[in-house]
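work_36.pdb follows; it contains PDB, C-alpha atoms, pLDDT in the B column.
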```pdb
MODEL        1
ATOM      1  CA  MET K  23       0.000   0.000   0.000  1.00 90.00           C
ATOM      2  CA  ARG K  24       2.914   2.365   0.737  1.00 90.00           C
ATOM      3  CA  THR K  25       4.220   1.798  -2.792  1.00 92.00           C
ATOM      4  CA  GLU K  26       0.797   2.556  -4.292  1.00 94.00           C
ATOM      5  CA  ILE K  27       0.450   5.770  -2.256  1.00 92.00           C
ATOM      6  CA  LYS K  28       3.926   6.833  -3.364  1.00 92.00           C
ATOM      7  CA  ARG K  29       3.034   6.185  -7.025  1.00 94.00           C
ATOM      8  CA  LEU K  30      -0.205   8.141  -6.608  1.00 93.00           C
ATOM      9  CA  HIS K  31       1.675  11.077  -5.101  1.00 92.00           C
ATOM     10  CA  ALA K  32       4.224  11.085  -7.951  1.00 92.00           C
ATOM     11  CA  ARG K  33       1.477  10.925 -10.572  1.00 95.00           C
ATOM     12  CA  MET K  34      -0.815  13.579  -9.074  1.00 94.00           C
ATOM     13  CA  LYS K  35       2.007  15.990  -8.077  1.00 92.00           C
ATOM     14  CA  THR K  36      -0.145  17.413  -5.293  1.00 93.00           C
ATOM     15  CA  THR K  37       0.232  17.863  -1.548  1.00 93.00           C
ATOM     16  CA  ILE K  38      -0.903  14.919   0.565  1.00 93.00           C
ATOM     17  CA  VAL K  39      -1.204  15.081   4.346  1.00 95.00           C
ATOM     18  CA  TYR K  40      -0.650  11.609   5.765  1.00 94.00           C
ATOM     19  CA  VAL K  41      -1.109  10.979   9.507  1.00 94.00           C
ATOM     20  CA  THR K  42       0.551   7.898  10.973  1.00 94.00           C
ATOM     21  CA  HIS K  43       1.997   6.472  14.172  1.00 92.00           C
ATOM     22  CA  ASP K  44       4.231   4.211  12.078  1.00 92.00           C
ATOM     23  CA  GLN K  45       7.621   5.898  11.723  1.00 90.00           C
ATOM     24  CA  ILE K  46       8.610   3.588   8.843  1.00 90.00           C
ATOM     25  CA  GLU K  47       5.582   4.816   6.885  1.00 92.00           C
ATOM     26  CA  ALA K  48       6.540   8.412   7.669  1.00 94.00           C
ATOM     27  CA  MET K  49      10.158   7.897   6.558  1.00 94.00           C
ATOM     28  CA  THR K  50       9.287   6.088   3.317  1.00 93.00           C
ATOM     29  CA  LEU K  51       6.354   8.222   2.160  1.00 94.00           C
ATOM     30  CA  ALA K  52       7.149  11.763   3.265  1.00 94.00           C
ATOM     31  CA  THR K  53       9.098  14.588   1.701  1.00 94.00           C
ATOM     32  CA  LYS K  54       8.574  16.513   4.970  1.00 97.00           C
ATOM     33  CA  ILE K  55       7.739  15.128   8.405  1.00 97.00           C
ATOM     34  CA  ALA K  56       6.159  16.912  11.368  1.00 97.00           C
ATOM     35  CA  VAL K  57       6.787  14.971  14.595  1.00 97.00           C
ATOM     36  CA  LEU K  58       4.121  15.682  17.229  1.00 96.00           C
ATOM     37  CA  LYS K  59       4.007  14.744  20.901  1.00 96.00           C
ATOM     38  CA  ASP K  60       0.891  15.493  22.940  1.00 96.00           C
ATOM     39  CA  GLY K  61      -0.184  17.949  20.243  1.00 95.00           C
ATOM     40  CA  VAL K  62       3.108  19.890  20.368  1.00 97.00           C
ATOM     41  CA  LEU K  63       5.379  20.078  17.313  1.00 98.00           C
ATOM     42  CA  GLN K  64       8.764  18.572  18.217  1.00 98.00           C
ATOM     43  CA  GLN K  65      10.508  18.889  14.835  1.00 98.00           C
ATOM     44  CA  PHE K  66       9.709  19.598  11.192  1.00 98.00           C
ATOM     45  CA  GLY K  67      12.027  18.599   8.352  1.00 98.00           C
ATOM     46  CA  SER K  68      12.914  16.092   5.668  1.00 97.00           C
ATOM     47  CA  PRO K  69      13.141  12.401   6.620  1.00 97.00           C
ATOM     48  CA  ALA K  70      16.960  12.644   6.528  1.00 97.00           C
ATOM     49  CA  GLU K  71      16.977  15.725   8.791  1.00 97.00           C
ATOM     50  CA  ILE K  72      14.620  14.110  11.293  1.00 97.00           C
ATOM     51  CA  TYR K  73      16.579  10.845  11.322  1.00 96.00           C
ATOM     52  CA  ASN K  74      20.138  12.210  11.356  1.00 95.00           C
ATOM     53  CA  ASN K  75      19.672  15.444  13.321  1.00 96.00           C
ATOM     54  CA  PRO K  76      16.912  14.907  15.886  1.00 98.00           C
ATOM     55  CA  ALA K  77      16.009  18.070  17.807  1.00 98.00           C
ATOM     56  CA  ASN K  78      15.441  16.261  21.093  1.00 98.00           C
ATOM     57  CA  MET K  79      15.488  12.860  22.759  1.00 98.00           C
ATOM     58  CA  PHE K  80      11.841  12.117  21.937  1.00 97.00           C
ATOM     59  CA  VAL K  81      12.465  12.472  18.191  1.00 97.00           C
ATOM     60  CA  ALA K  82      15.749  10.521  18.449  1.00 97.00           C
ATOM     61  CA  ASP K  83      14.051   7.636  20.226  1.00 95.00           C
ATOM     62  CA  PHE K  84      10.865   7.626  18.148  1.00 94.00           C
ATOM     63  CA  MET K  85      12.412   7.632  14.657  1.00 94.00           C
ATOM     64  CA  GLY K  86      14.367   4.526  13.652  1.00 91.00           C
ATOM     65  CA  SER K  87      14.090   0.781  14.127  1.00 89.00           C
ATOM     66  CA  PRO K  88      15.947  -0.343  16.149  1.00 91.00           C
ATOM     67  CA  ALA K  89      15.795   2.947  18.077  1.00 93.00           C
ATOM     68  CA  MET K  90      18.781   5.214  18.621  1.00 97.00           C
ATOM     69  CA  ASN K  91      20.989   4.177  21.543  1.00 97.00           C
ATOM     70  CA  LEU K  92      20.745   6.917  24.215  1.00 97.00           C
ATOM     71  CA  LEU K  93      23.478   6.572  26.853  1.00 96.00           C
ATOM     72  CA  THR K  94      24.767   8.552  29.797  1.00 96.00           C
ATOM     73  CA  ALA K  95      28.297   9.784  29.052  1.00 97.00           C
ATOM     74  CA  ARG K  96      30.682  12.227  30.740  1.00 96.00           C
ATOM     75  CA  VAL K  97      32.321  15.029  28.760  1.00 96.00           C
ATOM     76  CA  GLU K  98      36.054  15.354  29.458  1.00 94.00           C
ATOM     77  CA  ASN K  99      38.338  18.157  28.286  1.00 89.00           C
ATOM     78  CA  GLY K 100      41.885  16.813  28.413  1.00 81.00           C
ATOM     79  CA  ALA K 101      45.234  17.470  26.751  1.00 78.00           C
ATOM     80  CA  GLY K 102      44.066  15.640  23.622  1.00 81.00           C
ATOM     81  CA  GLY K 103      40.896  17.717  23.358  1.00 87.00           C
ATOM     82  CA  LEU K 104      37.277  16.851  24.025  1.00 92.00           C
ATOM     83  CA  ALA K 105      36.273  13.255  24.687  1.00 94.00           C
ATOM     84  CA  ILE K 106      33.384  11.400  26.234  1.00 95.00           C
ATOM     85  CA  THR K 107      33.695   8.492  28.626  1.00 96.00           C
ATOM     86  CA  LEU K 108      31.221   5.626  28.906  1.00 96.00           C
ATOM     87  CA  ASP K 109      31.130   3.170  31.799  1.00 94.00           C
ATOM     88  CA  ARG K 110      31.704  -0.486  30.867  1.00 92.00           C
ATOM     89  CA  PRO K 111      30.787  -3.325  33.250  1.00 86.00           C
ATOM     90  CA  GLY K 112      33.847  -5.097  34.604  1.00 82.00           C
ATOM     91  CA  SER K 113      36.293  -2.854  32.768  1.00 86.00           C
ATOM     92  CA  THR K 114      37.729   0.658  32.700  1.00 93.00           C
ATOM     93  CA  PRO K 115      35.519   3.354  31.151  1.00 95.00           C
ATOM     94  CA  LEU K 116      35.638   3.637  27.361  1.00 95.00           C
ATOM     95  CA  SER K 117      36.973   7.009  26.158  1.00 94.00           C
ATOM     96  CA  LEU K 118      35.923   8.304  22.728  1.00 95.00           C
ATOM     97  CA  PRO K 119      37.680  11.422  21.352  1.00 92.00           C
ATOM     98  CA  LEU K 120      35.384  13.943  19.684  1.00 89.00           C
ATOM     99  CA  ALA K 121      35.815  15.926  16.480  1.00 80.00           C
ATOM    100  CA  ALA K 122      36.291  19.703  16.483  1.00 72.00           C
ATOM    101  CA  ASP K 123      32.730  20.265  15.235  1.00 73.00           C
ATOM    102  CA  LYS K 124      31.442  19.141  18.657  1.00 79.00           C
ATOM    103  CA  ALA K 125      32.891  22.265  20.332  1.00 78.00           C
ATOM    104  CA  ALA K 126      29.472  23.088  21.814  1.00 86.00           C
ATOM    105  CA  LEU K 127      30.130  20.245  24.268  1.00 92.00           C
ATOM    106  CA  ALA K 128      33.052  22.137  25.839  1.00 91.00           C
ATOM    107  CA  ALA K 129      30.562  24.042  28.010  1.00 92.00           C
ATOM    108  CA  HIS K 130      29.513  20.645  29.458  1.00 93.00           C
ATOM    109  CA  ALA K 131      33.049  19.502  30.400  1.00 94.00           C
ATOM    110  CA  GLY K 132      33.005  17.553  33.649  1.00 94.00           C
ATOM    111  CA  ARG K 133      29.266  16.920  33.375  1.00 95.00           C
ATOM    112  CA  ASP K 134      27.057  14.127  32.114  1.00 96.00           C
ATOM    113  CA  VAL K 135      25.278  14.346  28.765  1.00 97.00           C
ATOM    114  CA  VAL K 136      23.144  11.889  26.813  1.00 97.00           C
ATOM    115  CA  PHE K 137      25.151  10.397  23.954  1.00 97.00           C
ATOM    116  CA  GLY K 138      23.028   9.226  21.019  1.00 97.00           C
ATOM    117  CA  ILE K 139      24.274   6.837  18.365  1.00 97.00           C
ATOM    118  CA  ARG K 140      22.222   4.786  15.924  1.00 97.00           C
ATOM    119  CA  PRO K 141      22.849   1.020  15.678  1.00 97.00           C
ATOM    120  CA  GLU K 142      24.210   1.323  12.107  1.00 96.00           C
ATOM    121  CA  ALA K 143      26.826   3.830  13.332  1.00 97.00           C
ATOM    122  CA  LEU K 144      28.059   1.224  15.824  1.00 97.00           C
ATOM    123  CA  THR K 145      29.305  -1.778  13.904  1.00 96.00           C
ATOM    124  CA  ASP K 146      32.121  -4.239  13.361  1.00 95.00           C
ATOM    125  CA  PRO K 147      35.316  -2.502  12.126  1.00 94.00           C
ATOM    126  CA  ASP K 148      35.228  -4.251   8.712  1.00 91.00           C
ATOM    127  CA  GLY K 149      31.658  -3.065   8.148  1.00 91.00           C
ATOM    128  CA  SER K 150      32.248   0.549   9.201  1.00 93.00           C
ATOM    129  CA  ASP K 151      31.819   3.566   6.929  1.00 92.00           C
ATOM    130  CA  ARG K 152      35.235   4.200   5.353  1.00 88.00           C
ATOM    131  CA  ASN K 153      34.217   7.806   4.574  1.00 90.00           C
ATOM    132  CA  ALA K 154      33.749   8.624   8.264  1.00 92.00           C
ATOM    133  CA  ARG K 155      36.055  11.370   9.548  1.00 90.00           C
ATOM    134  CA  THR K 156      35.883  10.265  13.195  1.00 91.00           C
ATOM    135  CA  LEU K 157      35.839   6.490  13.518  1.00 93.00           C
ATOM    136  CA  VAL K 158      36.898   5.142  16.924  1.00 95.00           C
ATOM    137  CA  GLU K 159      37.194   1.494  17.919  1.00 95.00           C
ATOM    138  CA  GLY K 160      36.488   0.194  21.413  1.00 94.00           C
ATOM    139  CA  GLU K 161      36.387  -3.217  23.068  1.00 93.00           C
ATOM    140  CA  CYS K 162      32.942  -4.232  24.329  1.00 95.00           C
ATOM    141  CA  LEU K 163      31.616  -7.345  26.050  1.00 95.00           C
ATOM    142  CA  ILE K 164      28.975  -8.873  23.775  1.00 96.00           C
ATOM    143  CA  GLU K 165      26.003 -10.144  25.780  1.00 96.00           C
ATOM    144  CA  VAL K 166      23.598 -11.253  23.040  1.00 97.00           C
ATOM    145  CA  VAL K 167      23.960 -11.939  19.299  1.00 97.00           C
ATOM    146  CA  GLU K 168      20.839 -11.811  17.112  1.00 96.00           C
ATOM    147  CA  PRO K 169      21.304 -13.004  13.490  1.00 95.00           C
ATOM    148  CA  ALA K 170      18.656 -11.290  11.331  1.00 93.00           C
ATOM    149  CA  GLY K 171      19.457 -12.464   7.805  1.00 91.00           C
ATOM    150  CA  SER K 172      20.889  -9.364   6.104  1.00 93.00           C
ATOM    151  CA  ASP K 173      22.244  -8.018   9.419  1.00 95.00           C
ATOM    152  CA  THR K 174      23.488  -9.286  12.747  1.00 96.00           C
ATOM    153  CA  PHE K 175      22.530  -7.354  15.863  1.00 97.00           C
ATOM    154  CA  ALA K 176      24.820  -7.449  18.889  1.00 97.00           C
ATOM    155  CA  VAL K 177      23.836  -6.265  22.362  1.00 97.00           C
ATOM    156  CA  THR K 178      26.420  -4.895  24.774  1.00 97.00           C
ATOM    157  CA  LYS K 179      26.222  -2.664  27.834  1.00 96.00           C
ATOM    158  CA  LEU K 180      27.635   0.872  27.985  1.00 96.00           C
ATOM    159  CA  GLY K 181      26.778   3.816  30.191  1.00 93.00           C
ATOM    160  CA  GLY K 182      24.592   1.560  32.316  1.00 91.00           C
ATOM    161  CA  LYS K 183      22.268   0.669  29.420  1.00 95.00           C
ATOM    162  CA  GLU K 184      21.874  -2.030  26.809  1.00 96.00           C
ATOM    163  CA  VAL K 185      23.259  -0.911  23.453  1.00 97.00           C
ATOM    164  CA  VAL K 186      22.380  -2.382  20.055  1.00 97.00           C
ATOM    165  CA  ALA K 187      25.029  -2.545  17.318  1.00 97.00           C
ATOM    166  CA  ARG K 188      24.172  -3.425  13.702  1.00 97.00           C
ATOM    167  CA  LEU K 189      26.864  -5.619  12.155  1.00 97.00           C
ATOM    168  CA  ARG K 190      27.379  -7.317   8.810  1.00 95.00           C
ATOM    169  CA  ALA K 191      25.468 -10.585   8.342  1.00 93.00           C
ATOM    170  CA  ASP K 192      28.710 -12.593   8.359  1.00 91.00           C
ATOM    171  CA  ALA K 193      30.421 -10.716  11.212  1.00 92.00           C
ATOM    172  CA  ARG K 194      32.371 -13.128  13.401  1.00 90.00           C
ATOM    173  CA  ILE K 195      31.065 -12.373  16.851  1.00 93.00           C
ATOM    174  CA  ALA K 196      29.904 -14.477  19.800  1.00 95.00           C
ATOM    175  CA  ALA K 197      28.050 -13.824  23.030  1.00 96.00           C
ATOM    176  CA  GLY K 198      30.216 -13.781  26.142  1.00 95.00           C
ATOM    177  CA  GLN K 199      33.318 -12.524  24.308  1.00 94.00           C
ATOM    178  CA  MET K 200      35.017  -9.138  24.042  1.00 94.00           C
ATOM    179  CA  ALA K 201      34.800  -7.701  20.534  1.00 95.00           C
ATOM    180  CA  LYS K 202      35.952  -4.543  18.803  1.00 95.00           C
ATOM    181  CA  LEU K 203      33.144  -2.231  17.751  1.00 97.00           C
ATOM    182  CA  ALA K 204      33.629   0.833  15.549  1.00 97.00           C
ATOM    183  CA  PHE K 205      31.879   4.040  16.652  1.00 97.00           C
ATOM    184  CA  ASN K 206      31.149   6.438  13.774  1.00 96.00           C
ATOM    185  CA  LEU K 207      31.209   9.653  15.797  1.00 94.00           C
ATOM    186  CA  ASP K 208      30.312  11.736  12.720  1.00 93.00           C
ATOM    187  CA  LYS K 209      26.807  10.350  13.316  1.00 94.00           C
ATOM    188  CA  ALA K 210      26.788  10.910  17.091  1.00 95.00           C
ATOM    189  CA  VAL K 211      24.413  13.422  18.683  1.00 96.00           C
ATOM    190  CA  PHE K 212      24.341  14.797  22.216  1.00 97.00           C
ATOM    191  CA  PHE K 213      21.474  15.929  24.424  1.00 97.00           C
ATOM    192  CA  ASP K 214      21.074  17.803  27.696  1.00 96.00           C
ATOM    193  CA  PRO K 215      19.796  15.231  30.225  1.00 96.00           C
ATOM    194  CA  LYS K 216      17.595  17.838  31.959  1.00 96.00           C
ATOM    195  CA  THR K 217      15.945  19.595  29.014  1.00 96.00           C
ATOM    196  CA  GLN K 218      16.322  16.597  26.632  1.00 97.00           C
ATOM    197  CA  SER K 219      17.152  19.117  23.876  1.00 97.00           C
ATOM    198  CA  ARG K 220      20.004  18.691  21.386  1.00 96.00           C
ATOM    199  CA  ILE K 221      23.397  20.173  22.356  1.00 94.00           C
ATOM    200  CA  ALA K 222      25.516  19.090  19.361  1.00 89.00           C
TER     201      ALA K 222
ENDMDL
END
```
Would you mind writing the file out in structure tokens?
Amino acid sequence: MRTEIKRLHARMKTTIVYVTHDQIEAMTLATKIAVLKDGVLQQFGSPAEIYNNPANMFVADFMGSPAMNLLTARVENGAGGLAITLDRPGSTPLSLPLAADKAALAAHAGRDVVFGIRPEALTDPDGSDRNARTLVEGECLIEVVEPAGSDTFAVTKLGGKEVVARLRADARIAAGQMAKLAFNLDKAVFFDPKTQSRIA
């Protein structure tokens, strides 16, 4: 039905207002999306803008399947520049250096923020985006592996929460083992834990 509606829209070349609770329908059909919560507009933009640059934690969590990973992280400003640290169970915290375009986080140095990263931006190193400017690898304890045909999902724990990584279908990974995961920090977003609004 989505395909037929899309064909109809292309043929008629007219505005269609489509109301849905299904975010996949919204992403596949829309040229512009208005995300509402309790009757209040949260964000308005193209599907790519809504997905890649969510205005707040509600939009980040609502759009995408699996949902964006939203983790508590601490901003550190050290000799090497800005970085965030994530707690890992049974190991030292994981430190991820940040690119210069995340300078807005400097005002949050020494404080906790919410670090958002989509499952496809957290993957096995061989499956990572080679065009990424800031790609950082970190060792994580894999708790669950879920083969899903075209993808493999791996669950680990960071920042006190379960985190979903989307790996290649043939990624060699096993539950109960430490594995390297590649964080594409070009795709990372950060939110204020109190206001839930986007920082960077």
So, with only C-alpha atoms as the atoms that count, which of K:Asn206, K:Thr50, K:Thr37, K:Gln218 lies closest to Arg152 in chain K?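 Closest to Arg152 in chain K of all the choices is K:Asn206.
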Excluding Cys162 in chain K and residues on its chain fewer than 3 positions from it, collect all residues at most 7 Å away from it, counting all atoms listed in the file, and give them as a CSV table (one decimal) with C-alpha atoms, keeping the file's coordinate frame.
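The result, stored in part-v4.csv:
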```csv
chain,number,residue,atom,x,y,z
K,178,THR,CA,26.4,-4.9,24.8
K,200,MET,CA,35.0,-9.1,24.0
K,201,ALA,CA,34.8,-7.7,20.5
K,202,LYS,CA,36.0,-4.5,18.8
K,203,LEU,CA,33.1,-2.2,17.8
```
Give as an MDAnalysis selection string the residues that the PyMOL selection byres ((chain K and resi 72) around 12) matches when applied to the coordinates above. chainID K and resid 45 48:49 52:57 64:71 73:86
Writing out the chosen residues with C-alpha atoms as a compact mmCIF listing (two decimals), in the coordinates of the input:
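Generated file (selection_33.txt):
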```txt
# COMPACT_ATOMS: atom_id res chain seq x y z
CA GLN K 45 7.62 5.90 11.72
CA ALA K 48 6.54 8.41 7.67
CA MET K 49 10.16 7.90 6.56
CA ALA K 52 7.15 11.76 3.26
CA THR K 53 9.10 14.59 1.70
CA LYS K 54 8.57 16.51 4.97
CA ILE K 55 7.74 15.13 8.40
CA ALA K 56 6.16 16.91 11.37
CA VAL K 57 6.79 14.97 14.60
CA GLN K 64 8.76 18.57 18.22
CA GLN K 65 10.51 18.89 14.84
CA PHE K 66 9.71 19.60 11.19
CA GLY K 67 12.03 18.60 8.35
CA SER K 68 12.91 16.09 5.67
CA PRO K 69 13.14 12.40 6.62
CA ALA K 70 16.96 12.64 6.53
CA GLU K 71 16.98 15.72 8.79
CA TYR K 73 16.58 10.84 11.32
CA ASN K 74 20.14 12.21 11.36
CA ASN K 75 19.67 15.44 13.32
CA PRO K 76 16.91 14.91 15.89
CA ALA K 77 16.01 18.07 17.81
CA ASN K 78 15.44 16.26 21.09
CA MET K 79 15.49 12.86 22.76
CA PHE K 80 11.84 12.12 21.94
CA VAL K 81 12.46 12.47 18.19
CA ALA K 82 15.75 10.52 18.45
CA ASP K 83 14.05 7.64 20.23
CA PHE K 84 10.86 7.63 18.15
CA MET K 85 12.41 7.63 14.66
CA GLY K 86 14.37 4.53 13.65
```
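From CA of Pro88 in chain K back to CA of Gly61 in chain K, the distance works out to 24.7 Å.
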Looking at all atoms listed in the file, which of K:Asp192, K:Glu47, K:Asp151, K:Glu161 is the one that sits closest to Arg110 in chain K? K:Glu161
How would you write, as an mmCIF file with C-alpha atoms, in the frame of the given file, the residues chosen by the PyMOL selection byres ((chain K and resi 165-172) around 7) on this structure?
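Output below, filename part12.cif:
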```
data_model
loop_
_atom_site.group_PDB
_atom_site.id
_atom_site.type_symbol
_atom_site.label_atom_id
_atom_site.label_comp_id
_atom_site.auth_asym_id
_atom_site.auth_seq_id
_atom_site.Cartn_x
_atom_site.Cartn_y
_atom_site.Cartn_z
ATOM 1 C CA LEU K 163 31.616 -7.345 26.050
ATOM 2 C CA ILE K 164 28.975 -8.873 23.775
ATOM 3 C CA ASP K 173 22.244 -8.018 9.419
ATOM 4 C CA THR K 174 23.488 -9.286 12.747
ATOM 5 C CA PHE K 175 22.530 -7.354 15.863
ATOM 6 C CA ALA K 176 24.820 -7.449 18.889
ATOM 7 C CA VAL K 177 23.836 -6.265 22.362
ATOM 8 C CA THR K 178 26.420 -4.895 24.774
ATOM 9 C CA ALA K 191 25.468 -10.585 8.342
ATOM 10 C CA ALA K 196 29.904 -14.477 19.800
ATOM 11 C CA ALA K 197 28.050 -13.824 23.030
ATOM 12 C CA GLY K 198 30.216 -13.781 26.142
#
```
Would you pick out the contacts of Asp146 in chain K at 7 Å or less, using all atoms listed in the file, so that residues sharing its chain but fewer than 2 positions from it are not included, and give the list as a count of residues only? 7
Listed atoms of range 173-178 of chain K boxed along x, y and z, 3 Å each side, centre and edge lengths in Å, one decimal, as lines of an AutoDock Vina configuration file:
```
center_x = 24.3
center_y = -7.1
center_z = 17.1
size_x = 10.2
size_y = 10.4
size_z = 21.4
```
Polymer residues at most 8 Å from Thr156 in chain K, all atoms listed in the file, same-chain spacing of 5 or more positions, as an MDAnalysis selection string: chainID K and resid 120:121 206:208
Please list as a list in words every residue within 8 Å of Leu127 in chain K, counting all atoms listed in the file and excluding residues in the same chain fewer than 5 positions away.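 After dropping sequence-adjacent residues, the list is Val97, Leu104, Ile221 and Ala222 of chain K.
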Ranking K:Ala105, K:Ala210, K:Ala193, K:Ala32 by minimum distance to Asp134 in chain K and counting only C-alpha atoms, which one comes first?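 Smallest separation from Asp134 in chain K among the options: K:Ala105.
Separating CA of Leu157 in chain K from CA of Val136 in chain K is a distance of 19.2 Å.
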Could I get range 171-189 of chain K rebuilt with N, CA and C atoms, written as an mmCIF file, in the frame of the given file?
```cif
data_model
loop_
_atom_site.group_PDB
_atom_site.id
_atom_site.type_symbol
_atom_site.label_atom_id
_atom_site.label_comp_id
_atom_site.auth_asym_id
_atom_site.auth_seq_id
_atom_site.Cartn_x
_atom_site.Cartn_y
_atom_site.Cartn_z
ATOM 1 N N GLY K 171 19.390 -12.333 9.254
ATOM 2 C CA GLY K 171 19.457 -12.464 7.805
ATOM 3 C C GLY K 171 20.460 -11.505 7.199
ATOM 4 N N SER K 172 19.995 -10.327 6.756
ATOM 5 C CA SER K 172 20.889 -9.364 6.104
ATOM 6 C C SER K 172 21.780 -8.635 7.092
ATOM 7 N N ASP K 173 21.456 -8.668 8.373
ATOM 8 C CA ASP K 173 22.244 -8.018 9.419
ATOM 9 C C ASP K 173 22.413 -8.976 10.585
ATOM 10 N N THR K 174 23.373 -8.644 11.446
ATOM 11 C CA THR K 174 23.488 -9.286 12.747
ATOM 12 C C THR K 174 23.451 -8.181 13.784
ATOM 13 N N PHE K 175 22.597 -8.335 14.781
ATOM 14 C CA PHE K 175 22.530 -7.354 15.863
ATOM 15 C C PHE K 175 23.269 -7.906 17.068
ATOM 16 N N ALA K 176 24.086 -7.063 17.691
ATOM 17 C CA ALA K 176 24.820 -7.449 18.889
ATOM 18 C C ALA K 176 24.427 -6.501 20.013
ATOM 19 N N VAL K 177 24.212 -7.069 21.194
ATOM 20 C CA VAL K 177 23.836 -6.265 22.362
ATOM 21 C C VAL K 177 24.997 -6.270 23.336
ATOM 22 N N THR K 178 25.393 -5.062 23.756
ATOM 23 C CA THR K 178 26.420 -4.895 24.774
ATOM 24 C C THR K 178 25.877 -3.927 25.807
ATOM 25 N N LYS K 179 26.674 -3.605 26.813
ATOM 26 C CA LYS K 179 26.222 -2.664 27.834
ATOM 27 C C LYS K 179 27.248 -1.551 27.967
ATOM 28 N N LEU K 180 26.792 -0.309 27.833
ATOM 29 C CA LEU K 180 27.635 0.872 27.985
ATOM 30 C C LEU K 180 26.824 1.952 28.695
ATOM 31 N N GLY K 181 27.482 2.729 29.524
ATOM 32 C CA GLY K 181 26.778 3.816 30.191
ATOM 33 C C GLY K 181 25.595 3.337 31.001
ATOM 34 N N GLY K 182 25.663 2.095 31.494
ATOM 35 C CA GLY K 182 24.592 1.560 32.316
ATOM 36 C C GLY K 182 23.356 1.116 31.555
ATOM 37 N N LYS K 183 23.442 1.059 30.219
ATOM 38 C CA LYS K 183 22.268 0.669 29.420
ATOM 39 C C LYS K 183 22.649 -0.368 28.378
ATOM 40 N N GLU K 184 21.643 -1.111 27.924
ATOM 41 C CA GLU K 184 21.874 -2.030 26.809
ATOM 42 C C GLU K 184 21.999 -1.220 25.526
ATOM 43 N N VAL K 185 22.958 -1.606 24.696
ATOM 44 C CA VAL K 185 23.259 -0.911 23.453
ATOM 45 C C VAL K 185 23.166 -1.916 22.311
ATOM 46 N N VAL K 186 22.517 -1.511 21.224
ATOM 47 C CA VAL K 186 22.380 -2.382 20.055
ATOM 48 C C VAL K 186 23.330 -1.898 18.962
ATOM 49 N N ALA K 187 24.143 -2.815 18.446
ATOM 50 C CA ALA K 187 25.029 -2.545 17.318
ATOM 51 C C ALA K 187 24.531 -3.351 16.120
ATOM 52 N N ARG K 188 24.586 -2.732 14.937
ATOM 53 C CA ARG K 188 24.172 -3.425 13.702
ATOM 54 C C ARG K 188 25.438 -3.813 12.950
ATOM 55 N N LEU K 189 25.650 -5.096 12.783
ATOM 56 C CA LEU K 189 26.864 -5.619 12.155
ATOM 57 C C LEU K 189 26.524 -6.260 10.817
#
```
